[in-house]
Amino acid sequence: MPRSLRERLAILSDAAKYDASCASSGTERRDSSKSGGLGSTEGSGICHAYAPDGRCISLLKVLLTNFCIYDCAYCINRSSSNVERARFTPEEVVWLTLEFYRRNYIEGLFLSSGIIRSSDHTMEEMVRVVRELRTTHGFRGYIHLKSIPEASPALIEEAGLYADRLSINVEMPTDAGLASLAPEKRPQGIRRAMAALRTKIEEASEPTMRTRKRQRFAPAGQSTQMIVGADEANDATILATSGRLYGSYGLRRVYYSGFSPIPDASSRLPPQKPPLMREHRLYQADWLFRFYGFGIEEITAARPDGMLDLDLDPKLAWALAHREDFPVDVNRAAREMLLRVPGFGTKAVAAILATRRHRRIRLEDLGRLRVSLAKVRPFIVTADWTPLTLIDRDDLGALLRPPPEQLTLL
Amino acid sequence: MRHTVRLGGAADFAGWRDAARDLLLGGIPPQEVDWRAGDAGASLLEENTAPPPPVMPPPRVPPAFLELAEAVICHSDPARFGLLYRLIARLQAERHLLSDAMDADVVAARRLEKAVRRDAHKMTAFVRFREAPQAEGARRRFIAWFEPEHHIVAHTAPFFARRFGDMDWMILTPRGSASLTDGTLSVSEEPARKPDLADPTDELWLTYYANIFNPARLKVKAMLSEMPKKYWANLPEAALIPDLIAQTPARVAAMAEQEMRRPPLFHERLQARATAEPTSTAEGLAGLREEARSCTRCPLHCHATQTVFGEGPDRAELMIVGEQPGDHEDLQGRPFVGPAGQVFDEAMRHAGIDRGTAYVTNAVKHFKYELRGKRRLHQSPNSAEVEQCRWWLGQEMALVRPRLVVAMGRTAVLALTGRAQKLADLRGRVQALPAGPAMLATVHPSYLLRLPDARAREQETIRFREDLAAARNWLSAPTSSPAR
Ligand code: SF4
Ligand code: SF4
């Protein structure tokens, strides 16, 4: 008996939930008030709901189909899994996107797919969905398309014309990891595809000489995802790979997805709980690299096993290992050094720099910025505060370590 | 005497602004003003609401203040009007007050602003439209009920107008309502009453919500901090949350205990087909190129994008060997396409050589770099890497069979001769290589790019072009043979 739309929606959203990316920000501004059509994008995206896993629901994240001819061990859709299979027609995805959007459930669509028949065939079907949305229905909401590395350039070109963001998942931190868990995937093919996307995105962001008009191509750039904990790679390896990906392909984001047990899992994978804290620390480290001027090796050098400390955030861990650089004088230090003080975010640093042009900063001033004084005090000097020997205490780490946290049920 | 200002509504910014201007002109200090929104707090006592006579110069404010005030005025805190007046009064003397992010008044105002922006943001997120019956041939109609904490309806309505331009909609709240009808936006401060709303599409949304949740990652606190319970009443999906959480332990346990099952039949068919597929059978240069794609002879392949193999005709008299691909070459998969490639192309043109007739390749076929921040900085390959990659160069030479090889830079010389030598000793002279073709050494074009002095660069560029011209002349001379 054919399955209802609702039953297939259940299967194909369940199959999509292992992709961590849900961002809908950073694209061009557009709206439907004058130009007609439906939808708008205005810089930062909106999370329309949160699931009990704490993840933001911003996009309708579904697979076109969860049939797949590949057999990636970590994936619920791999060909050897006994999971229920289903597929949408492109028209059904278009309909769901528009109707969800009209009710303000979502910001747009994140479409991906298992590989059916061939890479090009799969990509063609996905492109059909986004073309319909944009051209037939004047849809101006956000679209993220997972592209298939081996798809032909013409299809990628068209995908970039309609999608805000394109992504290709590297999946594993190392080529060896990918070879062992996803034997059909080609790491070099993935990197080549990301390189081609970068080239196209950069070309499109510079107006051409001839037409003086920008060729639209994925204005929200590209992103990727790495699975954490399915293979042996340590945090240093993972972050080094991220650094290279950012540097090589101009990615907007690298997502870290703690490997999560899946139904009908392959026996080759750890049946453990997803490493949520590890994932969190990796995001923090990634943040330090992108916005705080830390080099990857600086973040991961602290421990011989190449893992981040699960109990300490990586910035605090770095500061404890570099006490000779502290305390930092809030009224004098350069921005780069202020950014390294545990407890100061980029906003606090901006406020400090703005205020100290007018007067000397005192501890209570920092309190008003909602900075945790307990956290920053050992590391700073203000007009009315010097930490004396606090920074030299052996138990500083223990003092600053948070008490073990308990999850509360609702 | 105290002054009382009665504003037209809870978030009457224009009214506040006019009143504040009059009060400042009249030189009235903040502590002598009572602010009232609408008819709130009407007293039976006589109020002094007349604007004071102007005695001060016209007040001025930075644009950033107006932006701040427009948000703060939407807050439900009754003290907001007075706080803003205090700020604007202080701003007359303290021009840079707003950049003092730690001043108590500024901090208080920023806090209200943040609360308003958050509430407005949550409104854009959590309003749920339900479809309502529409008249024949009219636009589709949707209605939503929402309960904001602050007076943000008028402030947030334009967002919905920009987003939902092609339908009619209405958002009703206890703090006023907004609607778009045939493209015209209207707002009102009149409190609305909760309507009865239902929409069958909610069922699909609930299905989606339940299935996108991953029970193995339960994090209730994270959800609550972004979607606090005060919003739940108007979110259809929130009704599912208690059950989803309650079922979590059982679902996780079931996943852990599930036994391995036999893969489905189509998996076995797919696997059989994959093993039967023939591997590539290309021969000659094409085959070599294909083979080199998956080379792992040295560690450089791990970090680069792709093997950048040589390019040119299958047989060529002239072969050019560079050092290694750079950033652009790595991304595009072709040799000499970046800035150094442009210098090279230019020099080839000057020397009268058509690049398409030469076989152009590199001593090392993967890009080696060091990451500095988010930039990839070129690093020269070490001798072990050159040694490993020479194997490919040898294969290319054997197939292309050039008469002359131009070695650009020390690395190319090392790869071709097997010995590290000073470029200055060899430069510009044609000499024999042990295995057959002649070699002419010159600098690498990226060396020219690195020269800081413009005059030196110009001179070196001329020399480089002369070297290439010498190669062309040597090839066109009838009896060219290398000096032994
Ligand atoms: S190709 Fe994608 S959908 Fe298919 S098994 Fe691999 S990861 Fe899963
Ligand atoms: S640099 Fe040369 S030897 Fe090393 S992996 Fe690449 S192609 Fe192979």
# chains A, B, ... in the order shown; residues from 1 in each chain; ligands from 1
>>> residues_near_ligand(ligand="ligand 2", cutoff="7 Å", atoms="only C-alpha atoms and all ligand atoms", output="number ranges by chain")
B: 292, 295-301, 307, 364-366, 385, 388-389
>>> select_by_dssp(residues="stretch 64-297 of chain A", states="strand (DSSP E or B)", output="ChimeraX atom specification")
/A:65,87,108-112,139,142-146,165-167,171,222-228,253-258
>>> write_last_selection(atoms="N, CA and C atoms", output="PDB file, in the first residue's frame")
ATOM      1  N   THR A  65      14.976  11.315  -1.035  1.00  0.00           N
ATOM      2  CA  THR A  65      14.743   9.886  -0.837  1.00  0.00           C
ATOM      3  C   THR A  65      15.816   9.341   0.092  1.00  0.00           C
ATOM      4  N   ARG A  87      10.316   7.849  -0.758  1.00  0.00           N
ATOM      5  CA  ARG A  87      10.771   8.981  -1.554  1.00  0.00           C
ATOM      6  C   ARG A  87       9.651   9.980  -1.756  1.00  0.00           C
ATOM      7  N   GLY A 108      12.974  28.080   5.499  1.00  0.00           N
ATOM      8  CA  GLY A 108      13.234  27.597   4.149  1.00  0.00           C
ATOM      9  C   GLY A 108      13.507  26.102   4.163  1.00  0.00           C
ATOM     10  N   LEU A 109      14.256  25.676   3.169  1.00  0.00           N
ATOM     11  CA  LEU A 109      14.431  24.239   2.923  1.00  0.00           C
ATOM     12  C   LEU A 109      15.899  23.840   2.995  1.00  0.00           C
ATOM     13  N   PHE A 110      16.161  22.713   3.617  1.00  0.00           N
ATOM     14  CA  PHE A 110      17.486  22.084   3.536  1.00  0.00           C
ATOM     15  C   PHE A 110      17.249  20.721   2.906  1.00  0.00           C
ATOM     16  N   LEU A 111      17.628  20.606   1.654  1.00  0.00           N
ATOM     17  CA  LEU A 111      17.322  19.376   0.926  1.00  0.00           C
ATOM     18  C   LEU A 111      18.583  18.570   0.692  1.00  0.00           C
ATOM     19  N   SER A 112      18.472  17.297   1.022  1.00  0.00           N
ATOM     20  CA  SER A 112      19.578  16.415   0.672  1.00  0.00           C
ATOM     21  C   SER A 112      18.974  15.109   0.179  1.00  0.00           C
ATOM     22  N   PHE A 139       9.658  31.760  -4.719  1.00  0.00           N
ATOM     23  CA  PHE A 139      10.018  31.567  -3.309  1.00  0.00           C
ATOM     24  C   PHE A 139      11.319  32.302  -2.992  1.00  0.00           C
ATOM     25  N   TYR A 142      15.026  30.816   2.384  1.00  0.00           N
ATOM     26  CA  TYR A 142      16.386  30.300   2.370  1.00  0.00           C
ATOM     27  C   TYR A 142      16.409  28.871   1.822  1.00  0.00           C
ATOM     28  N   ILE A 143      17.408  28.581   1.015  1.00  0.00           N
ATOM     29  CA  ILE A 143      17.562  27.203   0.526  1.00  0.00           C
ATOM     30  C   ILE A 143      18.995  26.729   0.711  1.00  0.00           C
ATOM     31  N   HIS A 144      19.118  25.601   1.361  1.00  0.00           N
ATOM     32  CA  HIS A 144      20.418  24.939   1.510  1.00  0.00           C
ATOM     33  C   HIS A 144      20.324  23.605   0.769  1.00  0.00           C
ATOM     34  N   LEU A 145      21.240  23.422  -0.141  1.00  0.00           N
ATOM     35  CA  LEU A 145      21.233  22.195  -0.922  1.00  0.00           C
ATOM     36  C   LEU A 145      22.505  21.416  -0.647  1.00  0.00           C
ATOM     37  N   LYS A 146      22.352  20.163  -0.288  1.00  0.00           N
ATOM     38  CA  LYS A 146      23.508  19.305  -0.116  1.00  0.00           C
ATOM     39  C   LYS A 146      23.879  18.846  -1.502  1.00  0.00           C
ATOM     40  N   ARG A 165      22.923  28.336   0.041  1.00  0.00           N
ATOM     41  CA  ARG A 165      24.127  27.648   0.499  1.00  0.00           C
ATOM     42  C   ARG A 165      24.204  26.270  -0.124  1.00  0.00           C
ATOM     43  N   LEU A 166      25.439  25.878  -0.445  1.00  0.00           N
ATOM     44  CA  LEU A 166      25.687  24.513  -0.902  1.00  0.00           C
ATOM     45  C   LEU A 166      26.616  23.868   0.111  1.00  0.00           C
ATOM     46  N   SER A 167      26.464  22.585   0.304  1.00  0.00           N
ATOM     47  CA  SER A 167      27.402  21.935   1.209  1.00  0.00           C
ATOM     48  C   SER A 167      27.762  20.558   0.675  1.00  0.00           C
ATOM     49  N   GLU A 171      32.622  14.285   6.003  1.00  0.00           N
ATOM     50  CA  GLU A 171      32.242  13.143   6.839  1.00  0.00           C
ATOM     51  C   GLU A 171      33.299  12.712   7.846  1.00  0.00           C
ATOM     52  N   GLN A 222      29.580  28.032   1.323  1.00  0.00           N
ATOM     53  CA  GLN A 222      29.491  26.584   1.500  1.00  0.00           C
ATOM     54  C   GLN A 222      29.905  26.183   2.910  1.00  0.00           C
ATOM     55  N   SER A 223      29.431  25.017   3.305  1.00  0.00           N
ATOM     56  CA  SER A 223      29.768  24.499   4.630  1.00  0.00           C
ATOM     57  C   SER A 223      29.992  22.997   4.508  1.00  0.00           C
ATOM     58  N   THR A 224      30.443  22.392   5.587  1.00  0.00           N
ATOM     59  CA  THR A 224      30.643  20.946   5.554  1.00  0.00           C
ATOM     60  C   THR A 224      30.417  20.376   6.940  1.00  0.00           C
ATOM     61  N   GLN A 225      30.402  19.063   7.033  1.00  0.00           N
ATOM     62  CA  GLN A 225      30.206  18.409   8.319  1.00  0.00           C
ATOM     63  C   GLN A 225      31.183  17.255   8.499  1.00  0.00           C
ATOM     64  N   MET A 226      31.670  17.129   9.736  1.00  0.00           N
ATOM     65  CA  MET A 226      32.543  16.015  10.081  1.00  0.00           C
ATOM     66  C   MET A 226      31.902  15.227  11.205  1.00  0.00           C
ATOM     67  N   ILE A 227      31.954  13.932  11.103  1.00  0.00           N
ATOM     68  CA  ILE A 227      31.401  13.101  12.162  1.00  0.00           C
ATOM     69  C   ILE A 227      32.496  12.840  13.197  1.00  0.00           C
ATOM     70  N   VAL A 228      32.150  13.054  14.448  1.00  0.00           N
ATOM     71  CA  VAL A 228      33.131  12.938  15.523  1.00  0.00           C
ATOM     72  C   VAL A 228      32.845  11.694  16.342  1.00  0.00           C
ATOM     73  N   ARG A 253      31.287  27.486   7.552  1.00  0.00           N
ATOM     74  CA  ARG A 253      31.210  26.718   8.789  1.00  0.00           C
ATOM     75  C   ARG A 253      31.675  25.286   8.563  1.00  0.00           C
ATOM     76  N   VAL A 254      32.309  24.737   9.597  1.00  0.00           N
ATOM     77  CA  VAL A 254      32.493  23.299   9.663  1.00  0.00           C
ATOM     78  C   VAL A 254      31.604  22.826  10.808  1.00  0.00           C
ATOM     79  N   TYR A 255      30.721  21.902  10.546  1.00  0.00           N
ATOM     80  CA  TYR A 255      29.874  21.367  11.609  1.00  0.00           C
ATOM     81  C   TYR A 255      30.475  20.070  12.137  1.00  0.00           C
ATOM     82  N   TYR A 256      30.396  19.935  13.443  1.00  0.00           N
ATOM     83  CA  TYR A 256      30.887  18.706  14.077  1.00  0.00           C
ATOM     84  C   TYR A 256      29.672  17.946  14.558  1.00  0.00           C
ATOM     85  N   SER A 257      29.546  16.720  14.134  1.00  0.00           N
ATOM     86  CA  SER A 257      28.375  15.954  14.534  1.00  0.00           C
ATOM     87  C   SER A 257      28.841  14.744  15.327  1.00  0.00           C
ATOM     88  N   GLY A 258      28.642  14.799  16.638  1.00  0.00           N
ATOM     89  CA  GLY A 258      29.024  13.669  17.485  1.00  0.00           C
ATOM     90  C   GLY A 258      28.309  12.437  16.973  1.00  0.00           C
TER      91      GLY A 258
END
>>> interface_residues(of="chain A", to="chain B", cutoff="6 Å", atoms="only C-alpha atoms", output="PyMOL selection string")
chain A and resi 10+13-14+17+31-33+37-40+48+50-54+79-81+103-104+191-192+195+247+263+351+354-355+365
>>> write_last_selection(atoms="N, CA and C atoms", output="PDB file, in the first residue's frame")
ATOM      1  N   ALA A  10       7.575  11.442   7.861  1.00  0.00           N
ATOM      2  CA  ALA A  10       8.171  10.901   9.084  1.00  0.00           C
ATOM      3  C   ALA A  10       9.497  10.196   8.755  1.00  0.00           C
ATOM      4  N   SER A  13      12.263  12.779   7.266  1.00  0.00           N
ATOM      5  CA  SER A  13      12.854  13.747   8.200  1.00  0.00           C
ATOM      6  C   SER A  13      13.669  13.004   9.249  1.00  0.00           C
ATOM      7  N   ASP A  14      13.198  11.828   9.646  1.00  0.00           N
ATOM      8  CA  ASP A  14      13.995  11.012  10.551  1.00  0.00           C
ATOM      9  C   ASP A  14      15.375  10.741   9.938  1.00  0.00           C
ATOM     10  N   LYS A  17      17.925  13.811  10.160  1.00  0.00           N
ATOM     11  CA  LYS A  17      18.238  14.513  11.403  1.00  0.00           C
ATOM     12  C   LYS A  17      19.684  14.374  11.841  1.00  0.00           C
ATOM     13  N   ASP A  31      13.213  40.304  -0.156  1.00  0.00           N
ATOM     14  CA  ASP A  31      11.893  40.134   0.438  1.00  0.00           C
ATOM     15  C   ASP A  31      10.827  40.142  -0.637  1.00  0.00           C
ATOM     16  N   SER A  32       9.591  39.928  -0.206  1.00  0.00           N
ATOM     17  CA  SER A  32       8.518  39.741  -1.170  1.00  0.00           C
ATOM     18  C   SER A  32       7.523  40.883  -1.107  1.00  0.00           C
ATOM     19  N   SER A  33       7.864  41.982  -0.413  1.00  0.00           N
ATOM     20  CA  SER A  33       6.849  43.023  -0.251  1.00  0.00           C
ATOM     21  C   SER A  33       6.613  43.775  -1.558  1.00  0.00           C
ATOM     22  N   GLY A  37       5.790  37.212  -4.914  1.00  0.00           N
ATOM     23  CA  GLY A  37       6.329  35.957  -4.426  1.00  0.00           C
ATOM     24  C   GLY A  37       6.186  35.858  -2.923  1.00  0.00           C
ATOM     25  N   LEU A  38       6.894  34.883  -2.366  1.00  0.00           N
ATOM     26  CA  LEU A  38       6.744  34.595  -0.949  1.00  0.00           C
ATOM     27  C   LEU A  38       8.108  34.498  -0.303  1.00  0.00           C
ATOM     28  N   GLY A  39       8.287  35.164   0.834  1.00  0.00           N
ATOM     29  CA  GLY A  39       9.481  34.912   1.622  1.00  0.00           C
ATOM     30  C   GLY A  39      10.452  36.065   1.669  1.00  0.00           C
ATOM     31  N   SER A  40      11.377  35.971   2.622  1.00  0.00           N
ATOM     32  CA  SER A  40      12.410  36.989   2.779  1.00  0.00           C
ATOM     33  C   SER A  40      13.608  36.375   3.486  1.00  0.00           C
ATOM     34  N   HIS A  48      12.863  28.661  14.350  1.00  0.00           N
ATOM     35  CA  HIS A  48      11.428  28.722  14.596  1.00  0.00           C
ATOM     36  C   HIS A  48      10.971  27.783  15.692  1.00  0.00           C
ATOM     37  N   TYR A  50      12.656  24.662  18.746  1.00  0.00           N
ATOM     38  CA  TYR A  50      13.787  23.867  19.243  1.00  0.00           C
ATOM     39  C   TYR A  50      13.257  22.497  19.595  1.00  0.00           C
ATOM     40  N   ALA A  51      13.984  21.485  19.199  1.00  0.00           N
ATOM     41  CA  ALA A  51      13.592  20.128  19.550  1.00  0.00           C
ATOM     42  C   ALA A  51      14.148  19.831  20.946  1.00  0.00           C
ATOM     43  N   PRO A  52      13.637  18.800  21.605  1.00  0.00           N
ATOM     44  CA  PRO A  52      14.151  18.492  22.950  1.00  0.00           C
ATOM     45  C   PRO A  52      15.639  18.111  22.953  1.00  0.00           C
ATOM     46  N   ASP A  53      16.247  17.968  21.797  1.00  0.00           N
ATOM     47  CA  ASP A  53      17.693  17.754  21.780  1.00  0.00           C
ATOM     48  C   ASP A  53      18.430  19.099  21.778  1.00  0.00           C
ATOM     49  N   GLY A  54      17.688  20.189  21.940  1.00  0.00           N
ATOM     50  CA  GLY A  54      18.300  21.506  22.047  1.00  0.00           C
ATOM     51  C   GLY A  54      18.698  22.094  20.711  1.00  0.00           C
ATOM     52  N   SER A  79      23.063   1.321   2.140  1.00  0.00           N
ATOM     53  CA  SER A  79      22.302   0.283   1.441  1.00  0.00           C
ATOM     54  C   SER A  79      22.136  -0.975   2.285  1.00  0.00           C
ATOM     55  N   SER A  80      23.036  -1.233   3.227  1.00  0.00           N
ATOM     56  CA  SER A  80      22.906  -2.467   4.003  1.00  0.00           C
ATOM     57  C   SER A  80      21.971  -2.316   5.203  1.00  0.00           C
ATOM     58  N   SER A  81      21.398  -1.122   5.395  1.00  0.00           N
ATOM     59  CA  SER A  81      20.502  -0.934   6.539  1.00  0.00           C
ATOM     60  C   SER A  81      19.088  -1.378   6.195  1.00  0.00           C
ATOM     61  N   ARG A 103       3.029  29.167   7.097  1.00  0.00           N
ATOM     62  CA  ARG A 103       2.557  29.109   8.484  1.00  0.00           C
ATOM     63  C   ARG A 103       3.634  29.551   9.466  1.00  0.00           C
ATOM     64  N   ASN A 104       4.762  30.014   8.906  1.00  0.00           N
ATOM     65  CA  ASN A 104       5.883  30.501   9.704  1.00  0.00           C
ATOM     66  C   ASN A 104       6.492  29.414  10.595  1.00  0.00           C
ATOM     67  N   ARG A 191      37.167  16.898  -2.022  1.00  0.00           N
ATOM     68  CA  ARG A 191      37.959  18.128  -1.941  1.00  0.00           C
ATOM     69  C   ARG A 191      37.930  18.896  -3.265  1.00  0.00           C
ATOM     70  N   ARG A 192      37.975  18.153  -4.350  1.00  0.00           N
ATOM     71  CA  ARG A 192      37.925  18.837  -5.653  1.00  0.00           C
ATOM     72  C   ARG A 192      36.614  19.590  -5.805  1.00  0.00           C
ATOM     73  N   ALA A 195      36.714  22.681  -3.765  1.00  0.00           N
ATOM     74  CA  ALA A 195      37.581  23.678  -4.400  1.00  0.00           C
ATOM     75  C   ALA A 195      36.839  24.358  -5.545  1.00  0.00           C
ATOM     76  N   GLY A 247      40.893  27.141   5.447  1.00  0.00           N
ATOM     77  CA  GLY A 247      41.924  27.827   4.681  1.00  0.00           C
ATOM     78  C   GLY A 247      41.848  27.520   3.195  1.00  0.00           C
ATOM     79  N   PRO A 263      19.368   3.435  14.408  1.00  0.00           N
ATOM     80  CA  PRO A 263      18.692   2.138  14.388  1.00  0.00           C
ATOM     81  C   PRO A 263      19.365   1.235  13.348  1.00  0.00           C
ATOM     82  N   ALA A 351      33.379  46.504  23.976  1.00  0.00           N
ATOM     83  CA  ALA A 351      32.905  47.496  24.946  1.00  0.00           C
ATOM     84  C   ALA A 351      34.079  48.061  25.746  1.00  0.00           C
ATOM     85  N   ALA A 354      35.945  50.549  23.621  1.00  0.00           N
ATOM     86  CA  ALA A 354      35.215  51.803  23.430  1.00  0.00           C
ATOM     87  C   ALA A 354      35.263  52.630  24.718  1.00  0.00           C
ATOM     88  N   THR A 355      35.063  51.980  25.850  1.00  0.00           N
ATOM     89  CA  THR A 355      34.963  52.724  27.110  1.00  0.00           C
ATOM     90  C   THR A 355      36.305  53.305  27.535  1.00  0.00           C
ATOM     91  N   ASP A 365      32.648  48.026  36.533  1.00  0.00           N
ATOM     92  CA  ASP A 365      32.254  48.296  35.149  1.00  0.00           C
ATOM     93  C   ASP A 365      32.100  46.986  34.388  1.00  0.00           C
TER      94      ASP A 365
END
>>> closest_residue(among="B:Ala79, B:Leu426, B:Ala233, B:Leu449", to="B:Leu112", atoms="only C-alpha atoms")
B:Ala79
>>> closest_residue(among="A:Ile190, A:Met337, A:Ala220, A:Leu12", to="A:Glu84", atoms="only C-alpha atoms")
A:Leu12
>>> residues_near_ligand(ligand="ligand 1", cutoff="10 Å", atoms="only C-alpha atoms and all ligand atoms", output="PyMOL selection string")
chain A and resi 15-16+18-19+63+65-81+112-116+119+146+148+169-171+181-185
>>> closest_residue(among="A:Leu178, A:Val129, A:Ala20, A:Leu9", to="A:Glu279", atoms="only C-alpha atoms")
A:Ala20
>>> select_by_dssp(residues="stretch 36-124 of chain A", states="alpha helix (DSSP H)", output="list in words")
Pro90, Glu91, Glu92, Val93, Val94, Trp95, Leu96, Thr97, Leu98, Glu99, Phe100, Tyr101, Arg102, Ser119, Asp120, His121, Thr122, Met123 and Glu124 of chain A
>>> atom_distance(atom1="atom CA of A:Ile11", atom2="atom CA of A:Val83")
8.9 Å
>>> closest_residue(among="A:Phe217, A:Phe291, A:Tyr249, A:Trp318", to="A:Leu339", atoms="only C-alpha atoms")
A:Phe291
>>> residues_around(residues="B:Asp22", least_positions_apart="5", cutoff="9 Å", atoms="only C-alpha atoms", output="ChimeraX atom specification")
/B:17,27-28,51-54
>>> write_last_selection(atoms="C-alpha atoms", output="short mmCIF file (atom, residue, chain, number, x, y, z; two decimals), in the first residue's frame")
data_model
loop_
_atom_site.label_atom_id
_atom_site.label_comp_id
_atom_site.auth_asym_id
_atom_site.auth_seq_id
_atom_site.Cartn_x
_atom_site.Cartn_y
_atom_site.Cartn_z
CA ARG B 17 10.14 62.42 21.07
CA GLY B 27 15.36 73.10 30.48
CA ILE B 28 13.29 70.74 32.63
CA PRO B 51 4.87 72.47 27.38
CA PRO B 52 7.29 74.77 29.23
CA PRO B 53 8.48 77.98 27.56
CA PRO B 54 11.66 77.37 25.51
#
>>> atom_distance(atom1="atom CA of B:Val187", atom2="atom CA of B:Ala154")
5.9 Å
>>> atom_distance(atom1="atom CA of A:Gly221", atom2="atom CA of A:Lys61")
18.1 Å
>>> residues_around(residues="A:Ala348", least_positions_apart="5", cutoff="10 Å", atoms="only C-alpha atoms", output="MDAnalysis selection string")
(chainID A and resid 338:339 343 353:354 366 369:371) or (chainID B and resid 101)
>>> write_last_selection(atoms="all heavy atoms", output="tab-separated table (two decimals), in the first residue's frame")
chain	number	residue	atom	x	y	z
A	338	LEU	N	43.31	40.89	24.94
A	338	LEU	CA	42.03	40.91	25.67
A	338	LEU	C	41.16	39.73	25.24
A	338	LEU	O	40.47	39.11	26.03
A	338	LEU	CB	41.29	42.22	25.40
A	338	LEU	CG	41.89	43.48	26.04
A	338	LEU	CD1	41.17	44.72	25.53
A	338	LEU	CD2	41.80	43.41	27.56
A	339	LEU	N	41.25	39.42	23.93
A	339	LEU	CA	40.45	38.31	23.42
A	339	LEU	C	40.87	36.98	24.03
A	339	LEU	O	40.13	36.01	24.00
A	339	LEU	CB	40.57	38.23	21.90
A	339	LEU	CG	39.77	39.27	21.11
A	339	LEU	CD1	40.13	39.23	19.65
A	339	LEU	CD2	38.27	39.05	21.30
A	343	GLY	N	36.60	34.35	29.70
A	343	GLY	CA	35.46	35.10	30.23
A	343	GLY	C	35.14	36.36	29.44
A	343	GLY	O	34.07	36.92	29.59
A	353	LEU	N	37.20	48.34	24.76
A	353	LEU	CA	38.00	49.23	23.92
A	353	LEU	C	37.29	50.58	23.74
A	353	LEU	O	37.93	51.63	23.74
A	353	LEU	CB	38.24	48.58	22.56
A	353	LEU	CG	39.15	47.35	22.60
A	353	LEU	CD1	39.25	46.71	21.22
A	353	LEU	CD2	40.54	47.71	23.09
A	354	ALA	N	35.95	50.55	23.62
A	354	ALA	CA	35.21	51.80	23.43
A	354	ALA	C	35.26	52.63	24.72
A	354	ALA	O	35.50	53.83	24.69
A	354	ALA	CB	33.77	51.52	23.04
A	366	LEU	N	33.04	46.09	34.62
A	366	LEU	CA	32.99	44.80	33.92
A	366	LEU	C	31.77	44.02	34.36
A	366	LEU	O	31.14	43.32	33.57
A	366	LEU	CB	34.27	44.01	34.19
A	366	LEU	CG	35.54	44.65	33.66
A	366	LEU	CD1	36.76	43.82	34.05
A	366	LEU	CD2	35.49	44.79	32.14
A	369	LEU	N	28.80	44.59	32.37
A	369	LEU	CA	28.80	43.98	31.02
A	369	LEU	C	28.34	42.54	31.07
A	369	LEU	O	28.39	41.84	30.07
A	369	LEU	CB	30.22	43.99	30.45
A	369	LEU	CG	30.80	45.31	30.02
A	369	LEU	CD1	32.19	45.09	29.49
A	369	LEU	CD2	29.92	45.93	28.95
A	370	ARG	N	27.93	42.09	32.22
A	370	ARG	CA	27.54	40.69	32.39
A	370	ARG	C	28.72	39.75	32.14
A	370	ARG	O	28.56	38.65	31.62
A	370	ARG	CB	26.41	40.33	31.42
A	370	ARG	CG	25.17	41.17	31.64
A	370	ARG	CD	24.01	40.28	31.94
A	370	ARG	NE	22.94	41.05	32.55
A	370	ARG	CZ	21.67	40.89	32.28
A	370	ARG	NH1	21.30	39.99	31.40
A	370	ARG	NH2	20.76	41.59	32.91
A	371	VAL	N	29.90	40.23	32.48
A	371	VAL	CA	31.06	39.35	32.44
A	371	VAL	C	31.11	38.66	33.79
A	371	VAL	O	30.82	39.27	34.81
A	371	VAL	CB	32.32	40.21	32.23
A	371	VAL	CG1	33.57	39.45	32.60
A	371	VAL	CG2	32.40	40.69	30.79
B	101	ALA	N	30.08	51.99	27.36
B	101	ALA	CA	29.21	50.83	27.48
B	101	ALA	C	29.03	50.39	28.92
B	101	ALA	O	28.31	49.44	29.19
B	101	ALA	CB	29.78	49.69	26.65
>>> decode(residues="stretch 211-216 of chain B", atoms="N, CA and C atoms", output="mmCIF file, in the first residue's frame")
data_model
loop_
_atom_site.group_PDB
_atom_site.id
_atom_site.type_symbol
_atom_site.label_atom_id
_atom_site.label_comp_id
_atom_site.auth_asym_id
_atom_site.auth_seq_id
_atom_site.Cartn_x
_atom_site.Cartn_y
_atom_site.Cartn_z
ATOM 1 N N ASN B 211 9.957 13.857 14.369
ATOM 2 C CA ASN B 211 10.935 12.999 13.715
ATOM 3 C C ASN B 211 12.299 13.634 13.524
ATOM 4 N N ILE B 212 12.357 14.943 13.580
ATOM 5 C CA ILE B 212 13.656 15.589 13.418
ATOM 6 C C ILE B 212 14.412 15.561 14.742
ATOM 7 N N PHE B 213 13.700 15.230 15.809
ATOM 8 C CA PHE B 213 14.308 15.132 17.145
ATOM 9 C C PHE B 213 15.107 13.841 17.257
ATOM 10 N N ASN B 214 16.327 13.966 17.755
ATOM 11 C CA ASN B 214 17.175 12.788 17.929
ATOM 12 C C ASN B 214 17.218 12.411 19.403
ATOM 13 N N PRO B 215 16.550 11.332 19.789
ATOM 14 C CA PRO B 215 16.439 11.008 21.215
ATOM 15 C C PRO B 215 17.796 10.721 21.863
ATOM 16 N N ALA B 216 18.769 10.317 21.058
ATOM 17 C CA ALA B 216 20.076 10.016 21.641
ATOM 18 C C ALA B 216 20.780 11.281 22.119
#
